[in-house]
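Undergrad: My structure is in upload_18.tsv, and what it holds is TSV, C-alpha atoms:
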```tsv
chain	number	residue	atom	x	y	z
I	1	MET	CA	11.13	-23.17	20.78
I	2	ASP	CA	13.63	-20.84	22.51
I	3	ARG	CA	15.21	-20.01	19.17
I	4	LEU	CA	11.78	-19.20	17.76
I	5	ARG	CA	10.74	-17.13	20.74
I	6	ALA	CA	13.97	-15.12	20.42
I	7	ARG	CA	12.62	-13.80	17.11
I	8	ILE	CA	9.51	-12.25	18.64
I	9	GLY	CA	9.33	-8.52	17.99
I	10	VAL	CA	12.42	-8.40	15.78
I	11	ASP	CA	11.69	-6.70	12.45
I	12	ALA	CA	12.74	-8.60	9.34
I	13	PRO	CA	14.55	-6.51	6.70
I	14	PRO	CA	11.90	-4.36	4.95
I	15	THR	CA	10.98	-5.14	1.36
I	16	GLU	CA	9.95	-2.44	-1.07
I	17	ALA	CA	7.70	-2.97	-4.07
I	18	VAL	CA	5.76	-0.84	-6.53
I	19	VAL	CA	2.12	-1.79	-7.04
I	20	GLU	CA	2.28	-2.64	-10.74
I	21	ALA	CA	-0.78	-2.67	-12.99
I	22	GLY	CA	0.23	-5.99	-14.57
I	23	HIS	CA	0.70	-7.65	-11.20
I	24	VAL	CA	-2.67	-6.43	-9.92
I	25	LYS	CA	-4.29	-7.62	-13.16
I	26	ARG	CA	-2.78	-11.11	-12.80
I	27	PHE	CA	-3.80	-11.24	-9.14
I	28	VAL	CA	-7.37	-10.16	-9.94
I	29	GLU	CA	-7.56	-12.75	-12.73
I	30	ALA	CA	-6.28	-15.42	-10.33
I	31	ILE	CA	-8.91	-14.69	-7.69
I	32	GLY	CA	-11.59	-14.30	-10.38
I	33	ASP	CA	-13.04	-11.02	-9.09
I	34	PRO	CA	-14.67	-9.12	-11.99
I	35	ASN	CA	-15.08	-5.80	-10.12
I	36	PRO	CA	-13.89	-2.99	-12.47
I	37	ARG	CA	-12.62	-0.90	-9.56
I	38	TRP	CA	-9.51	-3.16	-9.42
I	39	ALA	CA	-8.24	-1.42	-12.56
I	40	LYS	CA	-7.14	1.44	-10.27
I	41	GLU	CA	-7.11	0.24	-6.66
I	42	VAL	CA	-6.11	-3.11	-5.21
I	43	PRO	CA	-8.50	-5.75	-3.85
I	44	PRO	CA	-8.54	-6.33	-0.06
I	45	THR	CA	-6.01	-9.18	0.05
I	46	PHE	CA	-3.60	-7.97	-2.66
I	47	LEU	CA	-0.92	-6.73	-0.26
I	48	VAL	CA	0.06	-10.32	0.57
I	49	ALA	CA	1.37	-10.57	-2.99
I	50	LEU	CA	3.82	-7.69	-2.44
I	51	ALA	CA	5.73	-9.27	0.44
I	52	PRO	CA	5.54	-12.68	2.08
I	53	ALA	CA	2.55	-12.83	4.43
I	54	SER	CA	4.40	-15.32	6.60
I	55	LEU	CA	7.85	-16.84	6.59
I	56	HIS	CA	8.49	-20.55	6.50
I	57	LEU	CA	10.99	-20.32	9.34
I	58	ALA	CA	13.61	-23.06	9.23
I	59	GLU	CA	13.58	-23.39	13.04
I	60	ALA	CA	9.86	-24.12	12.90
I	61	GLU	CA	10.20	-26.72	10.16
I	62	GLU	CA	11.84	-29.11	12.61
I	63	TYR	CA	8.41	-29.20	14.22
I	64	GLY	CA	5.57	-31.31	12.77
I	65	GLN	CA	5.23	-32.21	9.09
I	66	GLY	CA	3.58	-29.29	7.38
I	67	TRP	CA	2.39	-25.68	7.46
I	68	LEU	CA	-1.20	-24.55	7.66
I	69	ASN	CA	-2.54	-21.03	7.51
I	70	GLY	CA	-4.74	-20.49	10.57
I	71	GLY	CA	-6.10	-17.07	9.73
I	72	ASN	CA	-5.45	-13.54	8.53
I	73	ARG	CA	-6.53	-10.16	9.77
I	74	PHE	CA	-6.21	-7.03	7.66
I	75	GLU	CA	-6.61	-3.51	8.97
I	76	TYR	CA	-6.87	-0.76	6.37
I	77	PHE	CA	-5.90	2.84	7.08
I	78	ALA	CA	-5.57	4.36	3.59
I	79	PRO	CA	-6.31	3.20	0.04
I	80	VAL	CA	-3.61	1.47	-2.03
I	81	GLU	CA	-3.57	2.27	-5.73
I	82	ILE	CA	-1.61	1.19	-8.75
I	83	GLY	CA	1.69	3.08	-8.84
I	84	ASP	CA	2.06	3.29	-5.05
I	85	ARG	CA	5.45	2.32	-3.65
I	86	ILE	CA	4.93	0.14	-0.60
I	87	THR	CA	7.46	-0.82	2.05
I	88	ALA	CA	6.51	-3.95	3.98
I	89	THR	CA	8.08	-4.72	7.32
I	90	GLY	CA	7.31	-8.08	8.86
I	91	ARG	CA	8.00	-9.56	12.27
I	92	VAL	CA	7.12	-12.53	14.40
I	93	ALA	CA	4.59	-11.21	16.93
I	94	ASP	CA	4.15	-14.38	18.99
I	95	VAL	CA	4.99	-18.09	19.14
I	96	TYR	CA	3.17	-20.66	21.23
I	97	GLU	CA	2.18	-24.32	21.40
I	98	LYS	CA	-1.34	-25.69	21.75
I	99	PRO	CA	-2.51	-29.28	22.05
I	100	GLY	CA	-4.28	-30.54	18.90
I	101	SER	CA	-6.21	-33.73	18.12
I	102	SER	CA	-3.03	-35.47	16.91
I	103	GLY	CA	-0.24	-33.99	19.03
I	104	ASN	CA	0.88	-30.48	19.80
I	105	LEU	CA	0.56	-27.68	17.26
I	106	LEU	CA	2.97	-24.78	16.94
I	107	PHE	CA	1.42	-21.38	16.32
I	108	ILE	CA	3.43	-18.51	14.90
I	109	ILE	CA	1.80	-15.09	14.66
I	110	PHE	CA	3.25	-12.86	11.94
I	111	GLU	CA	2.60	-9.16	11.62
I	112	THR	CA	3.37	-7.00	8.60
I	113	ASP	CA	3.10	-3.23	8.32
I	114	TYR	CA	2.65	-1.69	4.88
I	115	VAL	CA	3.78	1.92	4.46
I	116	ASN	CA	3.38	3.95	1.26
I	117	GLN	CA	5.64	6.46	-0.50
I	118	ASP	CA	4.25	9.26	1.71
I	119	SER	CA	5.34	7.36	4.87
I	120	GLN	CA	1.70	6.66	5.62
I	121	LEU	CA	0.80	3.33	7.24
I	122	VAL	CA	-1.77	1.99	4.76
I	123	ALA	CA	-2.44	-1.45	6.18
I	124	ARG	CA	-1.44	-3.94	8.81
I	125	LEU	CA	-1.71	-7.69	8.38
I	126	ARG	CA	-1.68	-10.29	11.11
I	127	GLY	CA	-1.40	-13.94	10.16
I	128	THR	CA	-1.39	-17.19	12.08
I	129	ALA	CA	0.87	-19.92	10.68
I	130	ILE	CA	0.53	-23.39	12.18
I	131	ARG	CA	2.99	-26.29	12.14
I	132	ARG	CA	1.20	-29.60	12.45
K	1	MET	CA	-30.04	3.07	0.81
K	2	SER	CA	-29.59	2.25	4.49
K	3	VAL	CA	-28.07	-0.92	5.87
K	4	GLN	CA	-30.05	-2.91	8.43
K	5	VAL	CA	-28.96	-5.49	10.98
K	6	GLY	CA	-29.85	-8.93	9.65
K	7	GLU	CA	-29.43	-7.96	6.00
K	8	GLU	CA	-27.97	-10.91	4.13
K	9	LEU	CA	-25.43	-10.50	1.36
K	10	ALA	CA	-26.21	-12.27	-1.90
K	11	ASP	CA	-24.30	-15.58	-1.91
K	12	LEU	CA	-21.19	-15.73	-4.08
K	13	VAL	CA	-20.35	-19.22	-5.32
K	14	LYS	CA	-16.84	-19.80	-6.61
K	15	HIS	CA	-15.68	-22.88	-8.53
K	16	PRO	CA	-11.95	-23.21	-7.80
K	17	THR	CA	-9.89	-25.55	-9.96
K	18	THR	CA	-6.32	-26.84	-9.62
K	19	ARG	CA	-5.49	-24.52	-12.53
K	20	GLN	CA	-6.75	-21.57	-10.46
K	21	LEU	CA	-4.58	-22.65	-7.51
K	22	VAL	CA	-1.52	-22.60	-9.77
K	23	GLN	CA	-2.57	-19.21	-11.14
K	24	TYR	CA	-3.03	-17.92	-7.59
K	25	ALA	CA	0.27	-19.39	-6.39
K	26	GLY	CA	2.00	-17.42	-9.14
K	27	ALA	CA	0.10	-14.18	-8.54
K	28	GLN	CA	0.64	-14.24	-4.78
K	29	GLY	CA	4.10	-15.80	-4.90
K	30	ASP	CA	3.14	-18.61	-2.52
K	31	PHE	CA	4.66	-21.77	-3.96
K	32	TYR	CA	4.03	-24.11	-1.05
K	33	GLU	CA	3.52	-27.46	-2.79
K	34	ILE	CA	0.34	-28.47	-0.90
K	35	HIS	CA	-1.53	-26.19	-3.33
K	36	TYR	CA	-0.52	-27.89	-6.60
K	37	ASP	CA	1.50	-31.10	-6.00
K	38	GLN	CA	-0.86	-33.99	-5.15
K	39	GLU	CA	1.91	-36.32	-4.01
K	40	PHE	CA	3.46	-33.71	-1.76
K	41	ALA	CA	0.07	-32.85	-0.26
K	42	ARG	CA	-0.68	-36.51	0.54
K	43	GLY	CA	2.83	-36.85	1.99
K	44	VAL	CA	1.99	-34.29	4.67
K	45	GLY	CA	-1.27	-35.97	5.58
K	46	LEU	CA	-3.70	-34.07	3.37
K	47	PRO	CA	-6.26	-35.80	1.10
K	48	GLY	CA	-4.80	-33.97	-1.91
K	49	VAL	CA	-4.07	-30.37	-2.91
K	50	ILE	CA	-6.04	-27.74	-1.01
K	51	LEU	CA	-7.04	-24.11	-1.55
K	52	HIS	CA	-4.79	-21.39	-0.21
K	53	GLY	CA	-6.38	-19.83	2.87
K	54	LEU	CA	-5.67	-16.44	1.33
K	55	LEU	CA	-7.53	-17.41	-1.86
K	56	LYS	CA	-10.60	-18.14	0.28
K	57	ALA	CA	-10.02	-14.77	1.96
K	58	ALA	CA	-9.93	-13.15	-1.49
K	59	PHE	CA	-13.27	-14.80	-2.34
K	60	LEU	CA	-14.79	-13.39	0.86
K	61	GLY	CA	-13.21	-10.03	0.04
K	62	GLU	CA	-15.01	-10.12	-3.32
K	63	LEU	CA	-18.27	-10.85	-1.51
K	64	VAL	CA	-17.87	-7.85	0.81
K	65	THR	CA	-16.53	-5.30	-1.68
K	66	GLY	CA	-19.14	-6.36	-4.27
K	67	TRP	CA	-21.90	-5.79	-1.74
K	68	LEU	CA	-20.42	-2.51	-0.50
K	69	GLY	CA	-19.76	-0.95	-3.90
K	70	ASP	CA	-18.95	2.75	-3.55
K	71	ARG	CA	-21.14	3.20	-0.46
K	72	GLY	CA	-18.25	3.03	1.99
K	73	THR	CA	-14.77	1.79	2.86
K	74	LEU	CA	-13.57	-1.51	4.23
K	75	THR	CA	-11.57	-0.85	7.42
K	76	LYS	CA	-11.01	-4.32	8.83
K	77	PHE	CA	-11.26	-7.82	7.43
K	78	GLU	CA	-10.54	-10.97	9.37
K	79	VAL	CA	-10.71	-14.63	8.37
K	80	SER	CA	-10.06	-17.82	10.26
K	81	TYR	CA	-9.50	-21.06	8.33
K	82	ARG	CA	-11.33	-23.85	10.14
K	83	GLY	CA	-11.26	-26.59	7.53
K	84	ILE	CA	-9.65	-27.46	4.23
K	85	ASP	CA	-11.26	-26.93	0.84
K	86	ARG	CA	-10.33	-28.78	-2.30
K	87	PRO	CA	-10.42	-27.74	-5.95
K	88	GLY	CA	-13.24	-29.19	-8.03
K	89	SER	CA	-15.75	-28.47	-5.32
K	90	PRO	CA	-17.87	-25.29	-5.10
K	91	TYR	CA	-17.05	-22.76	-2.39
K	92	ARG	CA	-19.99	-20.65	-1.22
K	93	CYS	CA	-19.31	-17.22	0.31
K	94	ARG	CA	-21.99	-15.86	2.59
K	95	GLY	CA	-22.45	-12.91	4.90
K	96	ARG	CA	-24.82	-10.82	6.92
K	97	VAL	CA	-24.91	-7.50	8.72
K	98	VAL	CA	-24.58	-8.03	12.47
K	99	LYS	CA	-24.22	-4.47	13.78
K	100	VAL	CA	-24.96	-0.95	12.62
K	101	ASP	CA	-23.73	1.96	14.73
K	102	GLY	CA	-24.03	5.25	12.86
K	103	THR	CA	-21.73	4.90	9.86
K	104	GLN	CA	-19.95	1.83	11.30
K	105	VAL	CA	-21.22	-1.49	9.99
K	106	GLU	CA	-20.04	-4.91	11.12
K	107	LEU	CA	-20.52	-7.98	8.95
K	108	GLU	CA	-20.18	-11.65	9.68
K	109	VAL	CA	-18.80	-13.50	6.66
K	110	TRP	CA	-18.12	-17.16	6.10
K	111	GLY	CA	-17.31	-19.73	3.45
K	112	GLU	CA	-19.02	-23.09	3.11
K	113	ASP	CA	-17.94	-26.25	1.36
K	114	SER	CA	-20.32	-28.25	-0.84
K	115	GLU	CA	-21.80	-29.94	2.24
K	116	GLY	CA	-22.55	-26.67	3.98
K	117	ARG	CA	-19.70	-26.91	6.48
K	118	ARG	CA	-18.29	-23.55	7.51
K	119	THR	CA	-14.65	-24.02	6.56
K	120	THR	CA	-13.83	-20.33	6.85
K	121	ALA	CA	-15.25	-17.88	9.36
K	122	GLY	CA	-14.65	-14.18	9.40
K	123	SER	CA	-15.78	-10.64	9.90
K	124	ALA	CA	-15.56	-7.32	8.14
K	125	SER	CA	-15.86	-3.75	9.40
K	126	VAL	CA	-17.05	-1.05	7.08
K	127	GLU	CA	-17.24	2.74	7.37
K	128	MET	CA	-20.21	3.93	5.33
K	129	ASN	CA	-19.98	7.29	3.54
K	130	GLY	CA	-21.64	10.00	5.61
```
Go ahead and render the structure in this file as structure tokens.

TA:
Amino acid sequence: MDRLRARIGVDAPPTEAVVEAGHVKRFVEAIGDPNPRWAKEVPPTFLVALAPASLHLAEAEEYGQGWLNGGNRFEYFAPVEIGDRITATGRVADVYEKPGSSGNLLFIIFETDYVNQDSQLVARLRGTAIRR
Amino acid sequence: MSVQVGEELADLVKHPTTRQLVQYAGAQGDFYEIHYDQEFARGVGLPGVILHGLLKAAFLGELVTGWLGDRGTLTKFEVSYRGIDRPGSPYRCRGRVVKVDGTQVELEVWGEDSEGRRTTAGSASVEMNG
């Protein structure tokens, strides 16, 4: 727990990725969304495919038997289109324990900022990963 | 065309398959085995492979952006995964308008399993074009 809490607020190394037409096409096919606008822009959850939405932290894997995704929150500040170059910077925003129906659960809150080639913050994602 | 509080979005019913989970795992880059390896999933106490939370979020995203069209912009989208959903079973996306304040519109969105249980709950904020 102390080792996990020590990671709070520390940025992970940023990852950079170009929003590629082929990747968006495969993502859109996978989610089965026929909206033609995704030929140019990206659907609301696409950014999670550019950088890991959460990290399976080794320190947390000593806890419980598996991971669950508790929730995701996206905030959008500017559109993301095919060809954009996005830098994603993730961090652990919080770690805490909560009693569950079969023992304690470990909650890890991840936050990722997505910045485009014009240094504009385009989106922020917050995710809750749970060890159970 | 103005948006009114209480307006319901047309239901969107998705029919996820194990094949789709594999396709999604590849497209997102999430290869956690609970989404395609039955034995692994049972080994961690699940009844079998389950849908990615973010795939359910994508379904709800389709519901909202399909309804919105080019009338406005999605500014916030939040989902909370309350229960598991399994491939081979329909997943119904639903939503309604809960608040309208000028150009700001708030929606409640949720996903139901085949028995009508709300396994995903969420909200979306939209800025309508002026």

Undergrad: Rounded to one decimal in Å, what is the spacing between CA of Val95 (chain I) and CA of Gly127 (chain I)?

TA: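 So the answer is 11.8 Å.
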
Undergrad: Would you kindly return, as a VMD selection string, each protein, DNA or RNA residue with an atom no farther than 9 Å from any atom of Arg86 (chain K), considering only C-alpha atoms and excluding same-chain residues fewer than 5 positions away?

TA: chain K and resid 16 to 18 47 to 51 113

Undergrad: Suppose you want the space between CA of Gly64 (chain I) and CA of Ile84 (chain K); what is it in Å?

TA: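 Atom-to-atom, CA of Gly64 (chain I) and CA of Ile84 (chain K) are spaced 17.9 Å apart.
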
Undergrad: Can you pull out every residue within 9 Å of Met1 (chain I), counting only C-alpha atoms, but drop anything in the same chain fewer than 5 positions away, and send it as an NGL selection string?

TA: :I and (6 or 59-60 or 95-96)

Undergrad: Hey, could you make a per-residue contact list for chain K against chain I with 10 Å as the cut-off, showing the nearest pair of atoms and its distance in Å to one decimal, counting only C-alpha atoms, sorted by chain and number, as CSV?

TA:
```
residue,atom,partner,partner_atom,distance
K:Lys14,CA,I:Gly32,CA,8.5
K:His15,CA,I:Gly32,CA,9.7
K:Pro16,CA,I:Ile31,CA,9.0
K:Arg19,CA,I:Ala30,CA,9.4
K:Gln20,CA,I:Ala30,CA,6.2
K:Leu21,CA,I:Ala30,CA,7.9
K:Val22,CA,I:Ala30,CA,8.6
K:Gln23,CA,I:Ala30,CA,5.4
K:Tyr24,CA,I:Ala30,CA,4.9
K:Ala25,CA,I:Ala30,CA,8.6
K:Gly26,CA,I:Phe27,CA,8.5
K:Ala27,CA,I:Phe27,CA,4.9
K:Gln28,CA,I:Ala49,CA,4.1
K:Gly29,CA,I:Ala49,CA,6.2
K:Asp30,CA,I:Pro52,CA,7.9
K:Tyr32,CA,I:Trp67,CA,8.8
K:Ile34,CA,I:Gly66,CA,8.9
K:Ala41,CA,I:Gly66,CA,9.1
K:Gly43,CA,I:Gln65,CA,8.8
K:Val44,CA,I:Gln65,CA,5.9
K:Gly45,CA,I:Gln65,CA,8.3
K:Leu46,CA,I:Gly66,CA,9.6
K:His52,CA,I:Asn69,CA,8.0
K:Gly53,CA,I:Asn69,CA,6.1
K:Leu54,CA,I:Thr45,CA,7.4
K:Leu55,CA,I:Ile31,CA,6.6
K:Lys56,CA,I:Ile31,CA,8.8
K:Ala57,CA,I:Thr45,CA,7.1
K:Ala58,CA,I:Thr45,CA,5.8
K:Phe59,CA,I:Ile31,CA,6.9
K:Leu60,CA,I:Pro44,CA,9.5
K:Gly61,CA,I:Pro44,CA,6.0
K:Glu62,CA,I:Asp33,CA,6.2
K:Leu63,CA,I:Asp33,CA,9.2
K:Val64,CA,I:Pro44,CA,9.5
K:Thr65,CA,I:Pro44,CA,8.2
K:Gly66,CA,I:Asn35,CA,7.1
K:Gly69,CA,I:Arg37,CA,9.1
K:Asp70,CA,I:Arg37,CA,9.5
K:Thr73,CA,I:Tyr76,CA,9.0
K:Leu74,CA,I:Tyr76,CA,7.1
K:Thr75,CA,I:Tyr76,CA,4.8
K:Lys76,CA,I:Glu75,CA,4.5
K:Phe77,CA,I:Phe74,CA,5.1
K:Glu78,CA,I:Arg73,CA,4.1
K:Val79,CA,I:Asn72,CA,5.4
K:Ser80,CA,I:Gly71,CA,4.1
K:Tyr81,CA,I:Gly70,CA,5.3
K:Arg82,CA,I:Gly70,CA,7.4
K:Gly83,CA,I:Gly70,CA,9.4
K:Ile84,CA,I:Leu68,CA,9.6
K:Thr120,CA,I:Gly71,CA,8.9
K:Ala121,CA,I:Gly71,CA,9.2
K:Gly122,CA,I:Gly71,CA,9.0
K:Ser123,CA,I:Arg73,CA,9.3
K:Ala124,CA,I:Phe74,CA,9.4
K:Ser125,CA,I:Glu75,CA,9.3
```

Undergrad: Please, could you write that set of residues out with C-alpha atoms as a PDB file, keeping the file's coordinate frame?

TA:
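Result file is again05.pdb:
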```pdb
ATOM      1  CA  LYS K  14     -16.840 -19.800  -6.610  1.00  0.00           C
ATOM      2  CA  HIS K  15     -15.680 -22.880  -8.530  1.00  0.00           C
ATOM      3  CA  PRO K  16     -11.950 -23.210  -7.800  1.00  0.00           C
ATOM      4  CA  ARG K  19      -5.490 -24.520 -12.530  1.00  0.00           C
ATOM      5  CA  GLN K  20      -6.750 -21.570 -10.460  1.00  0.00           C
ATOM      6  CA  LEU K  21      -4.580 -22.650  -7.510  1.00  0.00           C
ATOM      7  CA  VAL K  22      -1.520 -22.600  -9.770  1.00  0.00           C
ATOM      8  CA  GLN K  23      -2.570 -19.210 -11.140  1.00  0.00           C
ATOM      9  CA  TYR K  24      -3.030 -17.920  -7.590  1.00  0.00           C
ATOM     10  CA  ALA K  25       0.270 -19.390  -6.390  1.00  0.00           C
ATOM     11  CA  GLY K  26       2.000 -17.420  -9.140  1.00  0.00           C
ATOM     12  CA  ALA K  27       0.100 -14.180  -8.540  1.00  0.00           C
ATOM     13  CA  GLN K  28       0.640 -14.240  -4.780  1.00  0.00           C
ATOM     14  CA  GLY K  29       4.100 -15.800  -4.900  1.00  0.00           C
ATOM     15  CA  ASP K  30       3.140 -18.610  -2.520  1.00  0.00           C
ATOM     16  CA  TYR K  32       4.030 -24.110  -1.050  1.00  0.00           C
ATOM     17  CA  ILE K  34       0.340 -28.470  -0.900  1.00  0.00           C
ATOM     18  CA  ALA K  41       0.070 -32.850  -0.260  1.00  0.00           C
ATOM     19  CA  GLY K  43       2.830 -36.850   1.990  1.00  0.00           C
ATOM     20  CA  VAL K  44       1.990 -34.290   4.670  1.00  0.00           C
ATOM     21  CA  GLY K  45      -1.270 -35.970   5.580  1.00  0.00           C
ATOM     22  CA  LEU K  46      -3.700 -34.070   3.370  1.00  0.00           C
ATOM     23  CA  HIS K  52      -4.790 -21.390  -0.210  1.00  0.00           C
ATOM     24  CA  GLY K  53      -6.380 -19.830   2.870  1.00  0.00           C
ATOM     25  CA  LEU K  54      -5.670 -16.440   1.330  1.00  0.00           C
ATOM     26  CA  LEU K  55      -7.530 -17.410  -1.860  1.00  0.00           C
ATOM     27  CA  LYS K  56     -10.600 -18.140   0.280  1.00  0.00           C
ATOM     28  CA  ALA K  57     -10.020 -14.770   1.960  1.00  0.00           C
ATOM     29  CA  ALA K  58      -9.930 -13.150  -1.490  1.00  0.00           C
ATOM     30  CA  PHE K  59     -13.270 -14.800  -2.340  1.00  0.00           C
ATOM     31  CA  LEU K  60     -14.790 -13.390   0.860  1.00  0.00           C
ATOM     32  CA  GLY K  61     -13.210 -10.030   0.040  1.00  0.00           C
ATOM     33  CA  GLU K  62     -15.010 -10.120  -3.320  1.00  0.00           C
ATOM     34  CA  LEU K  63     -18.270 -10.850  -1.510  1.00  0.00           C
ATOM     35  CA  VAL K  64     -17.870  -7.850   0.810  1.00  0.00           C
ATOM     36  CA  THR K  65     -16.530  -5.300  -1.680  1.00  0.00           C
ATOM     37  CA  GLY K  66     -19.140  -6.360  -4.270  1.00  0.00           C
ATOM     38  CA  GLY K  69     -19.760  -0.950  -3.900  1.00  0.00           C
ATOM     39  CA  ASP K  70     -18.950   2.750  -3.550  1.00  0.00           C
ATOM     40  CA  THR K  73     -14.770   1.790   2.860  1.00  0.00           C
ATOM     41  CA  LEU K  74     -13.570  -1.510   4.230  1.00  0.00           C
ATOM     42  CA  THR K  75     -11.570  -0.850   7.420  1.00  0.00           C
ATOM     43  CA  LYS K  76     -11.010  -4.320   8.830  1.00  0.00           C
ATOM     44  CA  PHE K  77     -11.260  -7.820   7.430  1.00  0.00           C
ATOM     45  CA  GLU K  78     -10.540 -10.970   9.370  1.00  0.00           C
ATOM     46  CA  VAL K  79     -10.710 -14.630   8.370  1.00  0.00           C
ATOM     47  CA  SER K  80     -10.060 -17.820  10.260  1.00  0.00           C
ATOM     48  CA  TYR K  81      -9.500 -21.060   8.330  1.00  0.00           C
ATOM     49  CA  ARG K  82     -11.330 -23.850  10.140  1.00  0.00           C
ATOM     50  CA  GLY K  83     -11.260 -26.590   7.530  1.00  0.00           C
ATOM     51  CA  ILE K  84      -9.650 -27.460   4.230  1.00  0.00           C
ATOM     52  CA  THR K 120     -13.830 -20.330   6.850  1.00  0.00           C
ATOM     53  CA  ALA K 121     -15.250 -17.880   9.360  1.00  0.00           C
ATOM     54  CA  GLY K 122     -14.650 -14.180   9.400  1.00  0.00           C
ATOM     55  CA  SER K 123     -15.780 -10.640   9.900  1.00  0.00           C
ATOM     56  CA  ALA K 124     -15.560  -7.320   8.140  1.00  0.00           C
ATOM     57  CA  SER K 125     -15.860  -3.750   9.400  1.00  0.00           C
TER      58      SER K 125
END
```

Undergrad: So that I can check the surroundings of Pro13 (chain I), please list as a list in words every protein, DNA and RNA residue that reaches within 10 Å of it, counting only C-alpha atoms and ignoring chain neighbours fewer than 3 positions away.

TA: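 Using only C-alpha atoms, the neighbours found are Val10, Glu16, Ala88, Thr89, Gly90 and Arg91 of chain I.
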
Undergrad: Separation of CA of Asp85 (chain K) and CA of Gln38 (chain K), in Å?

TA: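 Straight-line distance from CA of Asp85 (chain K) to CA of Gln38 (chain K) works out to 13.9 Å.
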
Undergrad: Using all atoms listed in the file, can you tell me which of K:Met128, K:Val3, K:Leu68, K:Leu107 comes closest to Arg94 (chain K)?

TA: K:Leu107

Undergrad: May I have the residues within 6 Å of Glu127 (chain K) as a ChimeraX atom specification, using only C-alpha atoms and disregarding those fewer than 5 positions away in the same chain?

TA: /K:72-73,103-104
